[in-house]
file structure_13.txt (compact mmCIF, C-alpha atoms and all ligand atoms)
# COMPACT_ATOMS: atom_id res chain seq x y z
CA MET A 1 140.01 87.70 116.72
CA GLY A 2 138.12 90.20 118.90
CA HIS A 3 134.85 89.81 120.70
CA PRO A 4 131.53 89.61 118.78
CA LEU A 5 129.32 92.71 118.85
CA LEU A 6 126.22 90.53 118.82
CA GLU A 7 125.72 86.91 119.81
CA VAL A 8 122.46 85.08 119.19
CA LYS A 9 122.19 81.71 120.93
CA GLN A 10 119.41 79.13 120.38
CA VAL A 11 116.83 81.83 119.87
CA LYS A 12 113.23 80.82 119.21
CA LYS A 13 110.17 82.89 118.45
CA HIS A 14 106.94 80.94 118.32
CA PHE A 15 103.75 82.92 117.70
CA PRO A 16 100.60 81.31 119.14
CA VAL A 17 97.93 80.52 116.56
CA LYS A 18 94.32 81.43 117.27
CA GLY A 19 92.22 78.30 117.73
CA THR A 20 89.05 77.61 115.78
CA ILE A 21 86.97 77.20 118.95
CA PRO A 22 86.28 80.53 120.73
CA PHE A 23 88.04 80.95 124.13
CA VAL A 24 89.90 77.64 123.71
CA PRO A 25 93.57 78.35 123.11
CA SER A 26 95.13 76.44 120.25
CA ARG A 27 98.17 74.31 120.97
CA GLN A 28 99.69 75.20 117.64
CA SER A 29 102.22 77.94 117.01
CA VAL A 30 104.03 79.51 114.08
CA LYS A 31 107.70 78.62 114.48
CA ALA A 32 108.88 81.87 112.87
CA VAL A 33 112.40 81.60 114.31
CA ASP A 34 113.48 78.20 115.52
CA ASN A 35 116.78 77.62 117.30
CA VAL A 36 118.93 80.21 115.59
CA ASN A 37 122.62 80.68 116.47
CA PHE A 38 125.05 83.19 114.99
CA HIS A 39 127.34 86.07 115.89
CA VAL A 40 128.29 89.35 114.24
CA MET A 41 131.77 90.83 114.58
CA PRO A 42 132.29 94.60 114.89
CA GLY A 43 132.55 96.31 111.51
CA GLU A 44 131.35 93.37 109.43
CA THR A 45 128.21 92.89 107.36
CA LEU A 46 126.25 89.72 107.91
CA GLY A 47 123.72 88.97 105.20
CA ILE A 48 120.55 87.02 105.99
CA VAL A 49 118.82 85.54 102.98
CA GLY A 50 115.86 83.25 102.42
CA GLU A 51 112.42 83.05 100.87
CA SER A 52 109.45 85.11 102.00
CA GLY A 53 108.15 83.94 105.36
CA CYS A 54 111.34 82.17 106.52
CA GLY A 55 111.62 84.43 109.56
CA LYS A 56 114.09 87.16 108.53
CA SER A 57 112.05 90.13 109.75
CA THR A 58 111.07 88.31 112.94
CA LEU A 59 114.76 87.78 113.65
CA ALA A 60 115.42 91.48 113.03
CA ARG A 61 112.62 92.49 115.39
CA LEU A 62 113.98 90.12 118.04
CA ILE A 63 117.47 91.62 117.88
CA ASN A 64 116.07 95.13 118.08
CA ARG A 65 113.91 93.89 120.98
CA LEU A 66 110.71 95.11 119.37
CA ILE A 67 109.53 91.62 120.37
CA SER A 68 110.79 89.17 122.99
CA PRO A 69 112.08 85.71 122.18
CA THR A 70 110.16 82.63 123.32
CA GLU A 71 113.50 81.08 124.29
CA GLY A 72 117.18 81.77 123.88
CA GLU A 73 119.93 84.24 124.62
CA MET A 74 121.07 87.39 122.84
CA ASN A 75 124.12 89.39 123.88
CA PHE A 76 125.02 92.81 122.54
CA LYS A 77 128.44 94.06 123.65
CA ASN A 78 128.32 91.44 126.39
CA LYS A 79 124.98 92.74 127.70
CA ASP A 80 122.12 90.29 127.85
CA LEU A 81 119.43 91.77 125.59
CA VAL A 82 116.69 89.47 126.85
CA SER A 83 116.74 90.33 130.55
CA LEU A 84 117.48 94.07 130.26
CA SER A 85 115.43 96.50 132.35
CA LYS A 86 113.33 99.05 130.42
CA ARG A 87 115.86 101.78 131.14
CA ASP A 88 118.85 99.76 129.97
CA LEU A 89 116.89 98.67 126.93
CA ARG A 90 116.41 102.32 125.95
CA THR A 91 120.16 102.87 126.05
CA VAL A 92 120.89 99.73 124.05
CA ARG A 93 118.22 100.66 121.50
CA LYS A 94 120.16 103.82 120.64
CA ASN A 95 122.94 101.54 119.54
CA ILE A 96 120.83 99.18 117.41
CA GLN A 97 118.87 100.91 114.65
CA MET A 98 116.77 99.65 111.76
CA VAL A 99 116.16 100.59 108.15
CA PHE A 100 112.95 99.06 106.81
CA GLN A 101 111.92 97.84 103.39
CA ASP A 102 109.15 100.18 102.45
CA PRO A 103 110.38 103.78 102.16
CA TYR A 104 106.82 104.91 101.53
CA ALA A 105 105.24 103.44 104.66
CA SER A 106 108.08 104.01 107.11
CA LEU A 107 107.96 107.83 107.10
CA ASP A 108 105.10 109.72 108.73
CA PRO A 109 103.45 111.74 105.91
CA ARG A 110 102.37 114.53 108.32
CA LYS A 111 105.89 115.39 109.43
CA ARG A 112 108.54 117.43 107.68
CA VAL A 113 111.85 115.74 106.87
CA GLY A 114 113.68 117.83 109.48
CA GLN A 115 111.23 116.72 112.17
CA LEU A 116 111.51 113.09 111.09
CA ILE A 117 115.28 113.08 111.38
CA GLU A 118 115.25 115.06 114.62
CA GLU A 119 112.68 112.80 116.25
CA PRO A 120 115.10 110.17 117.69
CA LEU A 121 117.14 113.00 119.28
CA VAL A 122 114.02 114.46 120.87
CA ILE A 123 112.83 111.06 122.15
CA HIS A 124 116.20 110.35 123.75
CA GLY A 125 116.59 113.93 125.03
CA VAL A 126 119.82 114.64 123.15
CA GLY A 127 121.00 118.27 122.81
CA ASP A 128 118.97 121.48 122.52
CA SER A 129 116.91 122.69 119.61
CA VAL A 130 119.82 124.55 117.95
CA SER A 131 122.28 121.66 118.16
CA ARG A 132 119.61 119.24 116.95
CA LYS A 133 118.88 121.39 113.88
CA ARG A 134 122.61 121.46 113.14
CA ARG A 135 122.77 117.67 113.42
CA VAL A 136 119.79 117.28 111.05
CA ALA A 137 121.50 119.44 108.41
CA GLU A 138 124.73 117.48 108.86
CA LEU A 139 122.90 114.14 108.51
CA LEU A 140 121.10 115.23 105.34
CA GLU A 141 124.45 116.09 103.84
CA ILE A 142 125.97 112.78 104.98
CA VAL A 143 123.27 110.80 103.13
CA GLY A 144 123.62 112.92 100.00
CA LEU A 145 120.55 115.17 100.32
CA ASN A 146 120.43 118.94 100.28
CA PRO A 147 120.09 120.33 103.86
CA ARG A 148 117.54 122.79 102.48
CA TYR A 149 115.11 119.85 102.05
CA GLN A 150 114.38 119.95 105.81
CA ASN A 151 111.03 121.66 105.37
CA ARG A 152 109.67 119.31 102.77
CA TYR A 153 107.33 116.39 103.37
CA ALA A 154 108.28 112.77 102.61
CA HIS A 155 105.82 112.49 99.71
CA GLU A 156 107.83 115.12 97.84
CA PHE A 157 110.73 112.68 97.48
CA SER A 158 111.46 109.68 95.26
CA GLY A 159 111.76 106.18 96.74
CA GLY A 160 115.57 106.33 96.74
CA GLN A 161 115.58 109.74 98.44
CA ARG A 162 113.11 108.51 101.05
CA GLN A 163 115.38 105.58 101.82
CA ARG A 164 118.21 108.11 102.30
CA ILE A 165 115.99 109.92 104.82
CA ASN A 166 115.40 106.60 106.61
CA ILE A 167 119.14 106.00 106.70
CA ALA A 168 119.71 109.50 108.11
CA ARG A 169 117.13 108.74 110.81
CA ALA A 170 118.90 105.48 111.64
CA LEU A 171 122.23 107.32 111.94
CA THR A 172 120.96 110.13 114.19
CA LEU A 173 122.00 108.55 117.49
CA ASN A 174 125.38 107.22 116.27
CA PRO A 175 124.47 103.52 116.45
CA GLU A 176 127.04 100.72 116.19
CA LEU A 177 124.69 98.16 114.63
CA ILE A 178 122.17 98.86 111.85
CA ILE A 179 119.75 96.16 110.79
CA CYS A 180 118.68 96.76 107.20
CA ASP A 181 115.54 94.75 106.46
CA GLU A 182 115.27 94.53 102.66
CA PRO A 183 116.38 98.18 102.35
CA VAL A 184 116.49 98.19 98.55
CA SER A 185 113.80 95.67 97.58
CA ALA A 186 111.22 98.36 96.82
CA LEU A 187 113.60 100.40 94.66
CA ASP A 188 114.46 100.09 91.00
CA VAL A 189 117.82 98.61 90.05
CA SER A 190 119.81 101.81 89.39
CA VAL A 191 118.62 103.35 92.67
CA GLN A 192 119.37 100.07 94.49
CA ALA A 193 123.04 100.43 93.53
CA GLN A 194 123.16 104.03 94.80
CA VAL A 195 121.65 103.13 98.17
CA ILE A 196 123.97 100.11 98.54
CA ASN A 197 126.99 102.30 97.77
CA LEU A 198 125.81 104.86 100.30
CA LEU A 199 125.47 102.16 102.97
CA LYS A 200 128.99 100.91 102.16
CA ASP A 201 130.47 104.42 102.36
CA LEU A 202 128.74 105.08 105.68
CA GLN A 203 130.06 101.80 107.05
CA LYS A 204 133.63 102.91 106.35
CA GLN A 205 133.07 106.44 107.60
CA PHE A 206 131.39 105.49 110.89
CA GLN A 207 132.73 101.94 111.50
CA LEU A 208 129.20 100.56 111.34
CA THR A 209 128.21 96.92 111.68
CA TYR A 210 125.35 95.77 109.48
CA ILE A 211 122.88 92.93 109.43
CA PHE A 212 121.63 93.05 105.87
CA ILE A 213 118.41 91.15 105.21
CA SER A 214 117.37 90.29 101.67
CA HIS A 215 115.68 87.60 99.64
CA ASP A 216 118.02 88.43 96.77
CA LEU A 217 121.48 86.83 96.81
CA ASN A 218 122.50 89.10 93.97
CA VAL A 219 122.08 92.20 96.14
CA VAL A 220 123.68 90.58 99.16
CA ARG A 221 126.90 89.78 97.32
CA TYR A 222 127.82 93.45 96.99
CA MET A 223 127.36 94.09 100.68
CA CYS A 224 128.24 91.15 102.85
CA ASP A 225 131.33 89.61 104.43
CA ARG A 226 129.40 86.61 105.72
CA ILE A 227 126.02 85.18 104.75
CA ALA A 228 123.43 83.16 106.66
CA VAL A 229 120.81 81.29 104.65
CA MET A 230 117.47 80.74 106.40
CA TYR A 231 114.80 78.20 105.61
CA LEU A 232 111.60 77.89 107.61
CA GLY A 233 112.87 79.63 110.74
CA LYS A 234 116.28 77.95 110.82
CA ILE A 235 119.74 78.82 109.56
CA VAL A 236 120.59 76.03 107.12
CA GLU A 237 123.97 77.39 106.03
CA ILE A 238 126.31 80.11 107.22
CA GLY A 239 129.77 81.08 106.03
CA SER A 240 131.98 83.66 104.44
CA TYR A 241 130.89 85.33 101.21
CA GLU A 242 133.45 83.26 99.22
CA GLU A 243 132.38 79.94 100.78
CA ILE A 244 128.67 80.54 100.19
CA TYR A 245 129.07 81.78 96.61
CA HIS A 246 131.82 79.46 95.43
CA SER A 247 131.18 76.26 97.38
CA PRO A 248 127.63 76.22 98.74
CA LYS A 249 126.94 72.98 100.61
CA HIS A 250 123.20 73.02 101.24
CA PRO A 251 120.96 72.08 98.26
CA TYR A 252 118.72 75.05 99.16
CA THR A 253 121.63 77.52 98.94
CA GLN A 254 122.64 75.89 95.65
CA ALA A 255 119.14 76.42 94.29
CA LEU A 256 119.05 80.05 95.43
CA LEU A 257 122.41 80.71 93.79
CA SER A 258 121.37 79.04 90.56
CA ALA A 259 118.50 81.53 90.31
CA ILE A 260 120.89 84.52 90.00
CA PRO A 261 120.87 85.63 86.35
CA VAL A 262 124.13 85.02 84.45
CA GLU A 263 126.40 88.00 83.87
CA SER A 264 127.47 87.02 80.36
CA PRO A 265 125.55 85.21 77.59
CA TYR A 266 128.53 82.83 77.26
CA GLU A 267 128.31 81.74 80.86
CA ASN A 268 126.86 78.29 81.18
CA LYS A 269 124.84 77.84 84.33
CA GLU A 270 122.36 75.19 85.24
CA ARG A 271 119.23 76.44 86.95
CA ILE A 272 117.95 74.27 89.79
CA ILE A 273 114.20 74.64 89.90
CA LEU A 274 112.67 73.77 93.23
CA THR A 275 109.33 72.02 93.10
CA GLY A 276 106.59 72.25 95.71
CA ASN A 277 105.73 75.09 98.04
CA VAL A 278 107.43 76.33 101.17
CA PRO A 279 105.94 74.15 103.95
CA SER A 280 103.90 75.77 106.72
CA PRO A 281 105.89 77.04 109.70
CA ILE A 282 102.97 75.84 111.87
CA ALA A 283 103.61 72.21 111.01
CA PRO A 284 107.08 71.94 109.49
CA PRO A 285 107.86 68.55 107.93
CA PRO A 286 109.66 66.06 110.20
CA GLY A 287 113.39 65.52 109.69
CA CYS A 288 114.99 68.09 107.43
CA ALA A 289 112.41 70.82 106.76
CA PHE A 290 113.68 71.08 103.18
CA HIS A 291 113.33 67.37 102.32
CA GLU A 292 110.03 67.67 100.41
CA ARG A 293 111.66 70.02 97.89
CA CYS A 294 115.20 68.64 97.91
CA PRO A 295 116.47 67.06 94.67
CA PHE A 296 118.86 64.83 96.69
CA VAL A 297 116.41 63.60 99.34
CA MET A 298 117.31 60.33 101.12
CA ASP A 299 115.25 58.25 103.59
CA LYS A 300 117.22 59.61 106.52
CA CYS A 301 116.21 63.20 105.62
CA LYS A 302 112.55 62.38 106.23
CA THR A 303 113.07 61.44 109.87
CA GLU A 304 116.31 62.93 111.20
CA THR A 305 116.93 66.68 111.45
CA PRO A 306 120.48 67.35 110.25
CA PRO A 307 122.58 69.47 112.65
CA LEU A 308 124.69 72.41 111.46
CA ILE A 309 127.98 70.71 110.61
CA GLU A 310 131.23 72.59 110.26
CA THR A 311 132.55 71.93 106.74
CA THR A 312 135.56 74.24 106.84
CA GLU A 313 136.50 76.83 109.42
CA ALA A 314 133.58 79.25 109.92
CA HIS A 315 131.41 77.51 107.30
CA ARG A 316 128.53 75.42 108.57
CA ALA A 317 125.61 73.75 106.82
CA SER A 318 122.83 71.42 107.94
CA CYS A 319 122.52 68.61 105.42
CA HIS A 320 122.92 64.83 105.72
CA LEU A 321 124.84 64.85 102.43
CA ILE A 322 127.74 66.61 104.10
CA LYS A 323 128.19 63.72 106.49
CA LYS A 324 128.07 61.35 103.56
CA GLU A 325 130.86 63.23 101.82
CA GLU A 326 133.09 62.87 104.87
CA GLU A 327 132.42 59.16 105.36
N1 LIG A 401 103.02 88.81 114.87
C1 LIG A 401 102.91 87.63 114.27
N2 LIG A 401 101.96 86.75 114.60
C2 LIG A 401 101.85 85.55 114.02
N3 LIG A 401 102.68 85.12 113.03
C3 LIG A 401 103.65 85.95 112.64
C4 LIG A 401 103.82 87.26 113.22
N4 LIG A 401 104.89 87.85 112.61
C5 LIG A 401 105.35 86.98 111.69
N5 LIG A 401 104.60 85.83 111.70
C6 LIG A 401 104.82 84.63 110.87
O1 LIG A 401 106.17 84.25 111.02
C7 LIG A 401 106.71 83.77 109.80
C8 LIG A 401 107.94 84.58 109.45
O2 LIG A 401 107.59 85.91 109.12
P1 LIG A 401 108.64 87.03 108.74
O3 LIG A 401 107.91 88.29 108.51
O4 LIG A 401 109.71 87.01 109.76
O5 LIG A 401 109.23 86.48 107.36
P2 LIG A 401 110.26 87.15 106.34
O6 LIG A 401 111.33 86.14 106.12
O7 LIG A 401 110.65 88.48 106.83
O8 LIG A 401 109.39 87.28 105.03
P3 LIG A 401 109.42 88.41 103.87
O9 LIG A 401 110.60 88.07 103.00
O10 LIG A 401 108.13 88.23 103.15
O11 LIG A 401 109.56 89.74 104.54
C9 LIG A 401 105.60 83.90 108.76
O12 LIG A 401 105.00 82.63 108.62
C10 LIG A 401 104.64 84.90 109.38
O13 LIG A 401 103.33 84.65 108.96
MG MG A 402 110.42 90.44 106.06
call {"tool": "encode", "arguments": {"input": "structure_13.txt", "output": "structure tokens"}}
result
Amino acid sequence: MGHPLLEVKQVKKHFPVKGTIPFVPSRQSVKAVDNVNFHVMPGETLGIVGESGCGKSTLARLINRLISPTEGEMNFKNKDLVSLSKRDLRTVRKNIQMVFQDPYASLDPRKRVGQLIEEPLVIHGVGDSVSRKRRVAELLEIVGLNPRYQNRYAHEFSGGQRQRINIARALTLNPELIICDEPVSALDVSVQAQVINLLKDLQKQFQLTYIFISHDLNVVRYMCDRIAVMYLGKIVEIGSYEEIYHSPKHPYTQALLSAIPVESPYENKERIILTGNVPSPIAPPPGCAFHERCPFVMDKCKTETPPLIETTEAHRASCHLIKKEEE
């Protein structure tokens, strides 16, 4: 086994909450990402799934260093992402790109497509105007768009085409890691499949590594080698695609999987319906953060936070039930 491309160790991001009394800082904070550990190997796709507000986008922004962690360590190709100087950060940023969820909001409506794709090259001072134009035409072709579209504006394209433009922009500087934050959630199902296939083809062609964020386990299964399930700022289960889909250990993962529609009317699947709301990340419940919604809750869950326990090699889940199984 080689060396991980990215290592995230005990990373926390706590956002301070504004107090109710003016000029008096509040002691509370939103624990958007709370003690997260994982690694990504070169060439693989790690999926990150979880309900809205569980901290997926915050984690993406931390890795891309759009924001700084409150605590923790992040290494990219053995370089410490947290303590990098501004100059080194610029170089690393070329290598870590993002594709965002909303293809309508993420493209500047005043710029032509050619300018949008060329922009990262201009910012990083790569090549001259002629070579940059050539690269833009090449990139449009790579993502399946006609190079003659360069002079059009983003609003002249469909959602799927706009996401292709975003992908072309992300590829401009030949990155090794692309973080896709819900890249197909705003698209309709047939277009989702096309964009997913494009991402898969590009991965093969350019040996890309992906972090693929989604709230939809159905989408993730076509993309990912490994999957991390997040709940209220923490990873509650992480493992290979097969382990997560065929033997999920955490009751939350089981509930998420049970919500995937069946593929055949003859398939018999029991739907686990979670009751209650997602608790507030400002004051997460004591013990296991999932205990208030867990169908298997025990007394211990209300007071003791379960650690991530290795169930089989490279499959870990944080649930007191796992310990019980072993005993
Ligand atoms: N800049 C910020 N200041 C304060 N709180 C924030 C900030 N950014 C995110 N949060 C809070 O952090 C938590 C996690 O947000 P995040 O956007 O990471 O969730 P998410 O999993 O990406 O959700 P979604 O699926 O809806 O995109 C939320 O409770 C959110 O309100
Ligand atoms: Mg998000």
call {"tool": "residues_around", "arguments": {"input": "structure_13.txt", "residues": "Pro175 in chain A", "least_positions_apart": "3", "cutoff": "7 Å", "atoms": "all atoms listed in the file", "output": "list in words"}}
result
Lys94, Asn95, Ile96, Gln97, Leu171 and Ile178 of chain A
call {"tool": "atom_distance", "arguments": {"input": "structure_13.txt", "atom1": "CA of Val236 in chain A", "atom2": "CA of Ser318 in chain A"}}
result
5.2 Å
call {"tool": "residues_around", "arguments": {"input": "structure_13.txt", "residues": "Val220 in chain A", "least_positions_apart": "6", "cutoff": "10 Å", "atoms": "only C-alpha atoms", "output": "PyMOL selection string"}}
result
chain A and resi 45-49+182+196+212-214+226-227+241
call {"tool": "closest_residue", "arguments": {"input": "structure_13.txt", "among": "A:Pro120, A:Pro261, A:Pro22, A:Pro183", "to": "ligand LIG 401 (chain A)", "atoms": "only C-alpha atoms and all ligand atoms"}}
result
A:Pro183
call {"tool": "atom_distance", "arguments": {"input": "structure_13.txt", "atom1": "atom O1 of ligand LIG 401 (chain A)", "atom2": "CA of Gly43 in chain A"}}
result
29.0 Å
call {"tool": "residues_near_ligand", "arguments": {"input": "structure_13.txt", "ligand": "ligand MG 402 (chain A)", "cutoff": "7 Å", "atoms": "only C-alpha atoms and all ligand atoms", "output": "number ranges by chain"}}
result
A: 52-53, 56-57, 181
call {"tool": "closest_residue", "arguments": {"input": "structure_13.txt", "among": "A:Thr209, A:Thr58, A:Thr253, A:Thr305", "to": "ligand LIG 401 (chain A)", "atoms": "all atoms listed in the file"}}
result
A:Thr58
call {"tool": "atom_distance", "arguments": {"input": "structure_13.txt", "atom1": "CA of Ile67 in chain A", "atom2": "CA of Gly125 in chain A"}}
result
23.9 Å
call {"tool": "closest_residue", "arguments": {"input": "structure_13.txt", "among": "A:Ile167, A:Val262, A:Ile309, A:Met230", "to": "ligand LIG 401 (chain A)", "atoms": "all atoms listed in the file"}}
result
A:Met230
call {"tool": "residues_near_ligand", "arguments": {"input": "structure_13.txt", "ligand": "ligand LIG 401 (chain A)", "cutoff": "12 Å", "atoms": "only C-alpha atoms and all ligand atoms", "output": "number ranges by chain"}}
result
A: 12-18, 28-34, 48-62, 66-68, 100-102, 180-183, 185-186, 212-216, 229-235, 278-284
call {"tool": "residues_near_point", "arguments": {"input": "structure_13.txt", "point": "(115.1, 114.5, 92.5)", "cutoff": "12 Å", "atoms": "all atoms listed in the file", "output": "CSV table (one decimal) with C-alpha atoms, keeping the file's coordinate frame"}}
result
chain,number,residue,atom,x,y,z
A,144,GLY,CA,123.6,112.9,100.0
A,145,LEU,CA,120.6,115.2,100.3
A,146,ASN,CA,120.4,118.9,100.3
A,149,TYR,CA,115.1,119.8,102.0
A,155,HIS,CA,105.8,112.5,99.7
A,156,GLU,CA,107.8,115.1,97.8
A,157,PHE,CA,110.7,112.7,97.5
A,158,SER,CA,111.5,109.7,95.3
A,159,GLY,CA,111.8,106.2,96.7
A,160,GLY,CA,115.6,106.3,96.7
A,161,GLN,CA,115.6,109.7,98.4
A,162,ARG,CA,113.1,108.5,101.0
A,191,VAL,CA,118.6,103.4,92.7
call {"tool": "residues_around", "arguments": {"input": "structure_13.txt", "residues": "Ile244 in chain A", "least_positions_apart": "6", "cutoff": "10 Å", "atoms": "all atoms listed in the file", "output": "ChimeraX atom specification"}}
result
/A:221,226-229,237-238,250,253-254,257,315-317
call {"tool": "closest_residue", "arguments": {"input": "structure_13.txt", "among": "A:Val122, A:Leu81, A:Ala137, A:Asn166", "to": "Asp108 in chain A", "atoms": "only C-alpha atoms"}}
result
A:Asn166
call {"tool": "closest_residue", "arguments": {"input": "structure_13.txt", "among": "A:Pro248, A:Arg90, A:Arg148, A:Gly72", "to": "Val113 in chain A", "atoms": "only C-alpha atoms"}}
result
A:Arg148
call {"tool": "closest_residue", "arguments": {"input": "structure_13.txt", "among": "A:Val11, A:Met41, A:Ala168, A:Leu89", "to": "Gln207 in chain A", "atoms": "only C-alpha atoms"}}
result
A:Met41
call {"tool": "residues_around", "arguments": {"input": "structure_13.txt", "residues": "Phe296 in chain A", "least_positions_apart": "2", "cutoff": "8 Å", "atoms": "all atoms listed in the file", "output": "VMD selection string"}}
result
chain A and resid 251 294 298
call {"tool": "axis_aligned_box", "arguments": {"input": "structure_13.txt", "around": "range 70-82 of chain A", "padding_each_side": "8 Å", "output": "lines of an AutoDock Vina configuration file"}}
result
center_x = 119.3
center_y = 87.6
center_z = 125.2
size_x = 34.3
size_y = 29.0
size_z = 21.3
